[in-house]
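What follows is one structure encoded as structure tokens, with my remarks underneath.
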Amino acid sequence: MAISERLLRYAESRKNLTGCVGGLAGVGVTLTGAAGPLWPLVVAGLYGAGALIAPPDRPAAPAFPDPAEQLDALRADLATLREYLAEVELPPAAHGRLTELDTLLGALLEPGWVSDPGHLRVLGRAVRQDVPEAVDAFVRSRWWTRAVPGKEPPERHLERQLAALHGEAEAIAGALHEAEARRQETHTRYLEDRGR
């Protein structure tokens with residue numbers, strides 16, 4: 001199976017097609033009578049020369065999803081995360097932190113804002129991994145804290161984790177704000193310089 005695929009790929013390759021053109025030129029030379037009794041060597045030689053001078057086939061570049069497709073998938077994952085969070089009972093302080101984080105993540109994932117792959121990676125990690133892990137660890141720890149009292153309350157860890165995630169999201173929002181402010185200043189300078 002693998003050999004027949006390799007043969008089929010070679011049959012469709014640039015090297016083979018260029019070699020075939022050279023071989024056809026050799027048949028043309030033979031028909032004119034210039035090759036004489038050495039016509040098989042002329043045809044094979046021109047085929048080989050054509051196959052050697054042809055550029056090699058390049059594999060196709062991988063098609064990765066563009067940022068818009070990544071954002072669509074991330075928004076769908078955020079909706080799934082929201083459904084999960086709606087079922088979890090959280091203390092008021094952590095619930096408030098989570099609401100702030102959710103609002104900021106939702107705003108950042110609106111179309112047209114985030115296109116930087118690094119920012120998309122941070123937001124994807126927050127939505128797909130960090131927030132669910134923090135909430136799940138809180139729910140599990142809360143049960144054990146009730147069974148074995150005297151340990152640090154899991155609410156504090158959850159609030160610290162949500163604050164750290166909110167800080168990451170705020171840094172992205174700040175970078176986007178700064179980029180838009182620079183863009184606005186540049187456009188203002190352009191318009192003022194154009195008017196002179």
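Labels for the structure tokens follow display order: chains A, B, ..., residues from 1 in each chain, ligands from 1.
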### Task
Pull the helix (DSSP H, G or I) assignments for region 45-136 of chain A out of DSSP run on the backbone, and list those residues as a VMD selection string.
chain A and resid 45 to 53 67 to 87 92 to 108 117 to 136
### Message
So that I can see what lies close to Lys15 (chain A), please list as a VMD selection string the residues with an atom at most 12 Å from it, counting only C-alpha atoms and leaving out residues fewer than 2 positions away in the same chain.
### Response
chain A and resid 9 to 13 17 to 22 47 to 58
Selection above as a file: N, CA, C and O atoms, as a PDB file, in the first residue's frame:
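Heads up, here's the output in again.pdb:
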ATOM      1  N   ARG A   9       2.534   9.244  -5.983  1.00  0.00           N
ATOM      2  CA  ARG A   9       3.039  10.593  -5.712  1.00  0.00           C
ATOM      3  C   ARG A   9       4.150  10.965  -6.692  1.00  0.00           C
ATOM      4  O   ARG A   9       4.206  12.086  -7.183  1.00  0.00           O
ATOM      5  N   TYR A  10       5.049  10.005  -6.989  1.00  0.00           N
ATOM      6  CA  TYR A  10       6.126  10.296  -7.939  1.00  0.00           C
ATOM      7  C   TYR A  10       5.560  10.508  -9.339  1.00  0.00           C
ATOM      8  O   TYR A  10       6.022  11.369 -10.083  1.00  0.00           O
ATOM      9  N   ALA A  11       4.557   9.723  -9.715  1.00  0.00           N
ATOM     10  CA  ALA A  11       3.965   9.870 -11.049  1.00  0.00           C
ATOM     11  C   ALA A  11       3.362  11.258 -11.229  1.00  0.00           C
ATOM     12  O   ALA A  11       3.362  11.803 -12.333  1.00  0.00           O
ATOM     13  N   GLU A  12       2.876  11.858 -10.127  1.00  0.00           N
ATOM     14  CA  GLU A  12       2.272  13.189 -10.211  1.00  0.00           C
ATOM     15  C   GLU A  12       3.260  14.310  -9.895  1.00  0.00           C
ATOM     16  O   GLU A  12       2.900  15.485  -9.945  1.00  0.00           O
ATOM     17  N   SER A  13       4.518  13.961  -9.608  1.00  0.00           N
ATOM     18  CA  SER A  13       5.486  14.972  -9.176  1.00  0.00           C
ATOM     19  C   SER A  13       6.002  15.800 -10.349  1.00  0.00           C
ATOM     20  O   SER A  13       5.916  15.404 -11.518  1.00  0.00           O
ATOM     21  N   LEU A  17       6.980  14.685 -14.312  1.00  0.00           N
ATOM     22  CA  LEU A  17       6.351  15.388 -15.434  1.00  0.00           C
ATOM     23  C   LEU A  17       7.390  16.086 -16.307  1.00  0.00           C
ATOM     24  O   LEU A  17       7.307  16.047 -17.538  1.00  0.00           O
ATOM     25  N   THR A  18       8.394  16.714 -15.672  1.00  0.00           N
ATOM     26  CA  THR A  18       9.455  17.346 -16.456  1.00  0.00           C
ATOM     27  C   THR A  18      10.275  16.295 -17.198  1.00  0.00           C
ATOM     28  O   THR A  18      10.666  16.487 -18.362  1.00  0.00           O
ATOM     29  N   GLY A  19      10.541  15.161 -16.541  1.00  0.00           N
ATOM     30  CA  GLY A  19      11.248  14.065 -17.199  1.00  0.00           C
ATOM     31  C   GLY A  19      10.466  13.534 -18.387  1.00  0.00           C
ATOM     32  O   GLY A  19      11.049  13.210 -19.435  1.00  0.00           O
ATOM     33  N   CYS A  20       9.139  13.441 -18.259  1.00  0.00           N
ATOM     34  CA  CYS A  20       8.302  12.972 -19.374  1.00  0.00           C
ATOM     35  C   CYS A  20       8.371  13.930 -20.564  1.00  0.00           C
ATOM     36  O   CYS A  20       8.400  13.494 -21.722  1.00  0.00           O
ATOM     37  N   VAL A  21       8.416  15.224 -20.262  1.00  0.00           N
ATOM     38  CA  VAL A  21       8.546  16.200 -21.349  1.00  0.00           C
ATOM     39  C   VAL A  21       9.884  16.014 -22.045  1.00  0.00           C
ATOM     40  O   VAL A  21       9.978  16.042 -23.288  1.00  0.00           O
ATOM     41  N   GLY A  22      10.948  15.803 -21.257  1.00  0.00           N
ATOM     42  CA  GLY A  22      12.268  15.534 -21.851  1.00  0.00           C
ATOM     43  C   GLY A  22      12.254  14.252 -22.659  1.00  0.00           C
ATOM     44  O   GLY A  22      12.844  14.174 -23.743  1.00  0.00           O
ATOM     45  N   TYR A  47      14.944  12.135 -20.458  1.00  0.00           N
ATOM     46  CA  TYR A  47      14.026  11.968 -19.328  1.00  0.00           C
ATOM     47  C   TYR A  47      14.784  12.229 -18.021  1.00  0.00           C
ATOM     48  O   TYR A  47      14.321  12.966 -17.153  1.00  0.00           O
ATOM     49  N   GLY A  48      15.960  11.606 -17.882  1.00  0.00           N
ATOM     50  CA  GLY A  48      16.760  11.785 -16.666  1.00  0.00           C
ATOM     51  C   GLY A  48      17.188  13.225 -16.467  1.00  0.00           C
ATOM     52  O   GLY A  48      17.160  13.741 -15.337  1.00  0.00           O
ATOM     53  N   ALA A  49      17.587  13.891 -17.553  1.00  0.00           N
ATOM     54  CA  ALA A  49      17.995  15.298 -17.445  1.00  0.00           C
ATOM     55  C   ALA A  49      16.824  16.158 -16.989  1.00  0.00           C
ATOM     56  O   ALA A  49      16.963  17.031 -16.129  1.00  0.00           O
ATOM     57  N   GLY A  50      15.645  15.897 -17.553  1.00  0.00           N
ATOM     58  CA  GLY A  50      14.461  16.651 -17.149  1.00  0.00           C
ATOM     59  C   GLY A  50      14.110  16.401 -15.687  1.00  0.00           C
ATOM     60  O   GLY A  50      13.757  17.332 -14.947  1.00  0.00           O
ATOM     61  N   ALA A  51      14.209  15.146 -15.263  1.00  0.00           N
ATOM     62  CA  ALA A  51      13.897  14.824 -13.867  1.00  0.00           C
ATOM     63  C   ALA A  51      14.912  15.459 -12.919  1.00  0.00           C
ATOM     64  O   ALA A  51      14.559  15.852 -11.802  1.00  0.00           O
ATOM     65  N   LEU A  52      16.169  15.587 -13.341  1.00  0.00           N
ATOM     66  CA  LEU A  52      17.185  16.180 -12.479  1.00  0.00           C
ATOM     67  C   LEU A  52      17.061  17.692 -12.364  1.00  0.00           C
ATOM     68  O   LEU A  52      17.334  18.258 -11.312  1.00  0.00           O
ATOM     69  N   ILE A  53      16.669  18.365 -13.454  1.00  0.00           N
ATOM     70  CA  ILE A  53      16.612  19.832 -13.400  1.00  0.00           C
ATOM     71  C   ILE A  53      15.303  20.355 -12.811  1.00  0.00           C
ATOM     72  O   ILE A  53      15.211  21.524 -12.461  1.00  0.00           O
ATOM     73  N   ALA A  54      14.299  19.513 -12.688  1.00  0.00           N
ATOM     74  CA  ALA A  54      13.005  19.960 -12.158  1.00  0.00           C
ATOM     75  C   ALA A  54      13.123  20.286 -10.677  1.00  0.00           C
ATOM     76  O   ALA A  54      13.830  19.611  -9.933  1.00  0.00           O
ATOM     77  N   PRO A  55      12.435  21.343 -10.233  1.00  0.00           N
ATOM     78  CA  PRO A  55      12.477  21.663  -8.802  1.00  0.00           C
ATOM     79  C   PRO A  55      11.728  20.596  -8.001  1.00  0.00           C
ATOM     80  O   PRO A  55      10.761  20.006  -8.494  1.00  0.00           O
ATOM     81  N   PRO A  56      12.173  20.318  -6.804  1.00  0.00           N
ATOM     82  CA  PRO A  56      11.485  19.297  -6.005  1.00  0.00           C
ATOM     83  C   PRO A  56      10.107  19.772  -5.565  1.00  0.00           C
ATOM     84  O   PRO A  56       9.854  20.974  -5.467  1.00  0.00           O
ATOM     85  N   ASP A  57       9.247  18.826  -5.313  1.00  0.00           N
ATOM     86  CA  ASP A  57       7.918  19.157  -4.798  1.00  0.00           C
ATOM     87  C   ASP A  57       8.038  19.609  -3.348  1.00  0.00           C
ATOM     88  O   ASP A  57       8.807  19.051  -2.575  1.00  0.00           O
ATOM     89  N   ARG A  58       7.292  20.625  -3.027  1.00  0.00           N
ATOM     90  CA  ARG A  58       7.279  21.121  -1.657  1.00  0.00           C
ATOM     91  C   ARG A  58       6.001  20.647  -0.982  1.00  0.00           C
ATOM     92  O   ARG A  58       4.925  20.693  -1.574  1.00  0.00           O
TER      93      ARG A  58
END
### Query
Looking at only C-alpha atoms, which of A:Ala126, A:Ala79, A:Leu8, A:Val43 is the one that sits closest to Val27 (chain A)?
A:Val43
### Task
Might you pull out every residue within 12 Å of Gly112 (chain A), with only C-alpha atoms counted and same-chain residues fewer than 5 positions away left off, and present them as an NGL selection string?
:A and (67-69 or 71-72 or 107 or 176 or 180)
### Between CA of Gly174 (chain A) and CA of Gln129 (chain A), distance in Å (one decimal)
22.6 Å
### Task
Give me the residues within 12 Å of Arg125 (chain A) as an MDAnalysis selection string, counting only C-alpha atoms and dropping any in the same chain fewer than 2 places off.
chainID A and resid 74 77:78 105 118:123 127:133 165 168:169
### Query
By how many Å are CA of Pro111 (chain A) and CA of Ala76 (chain A) apart?
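These two atoms are separated by 12.8 Å.
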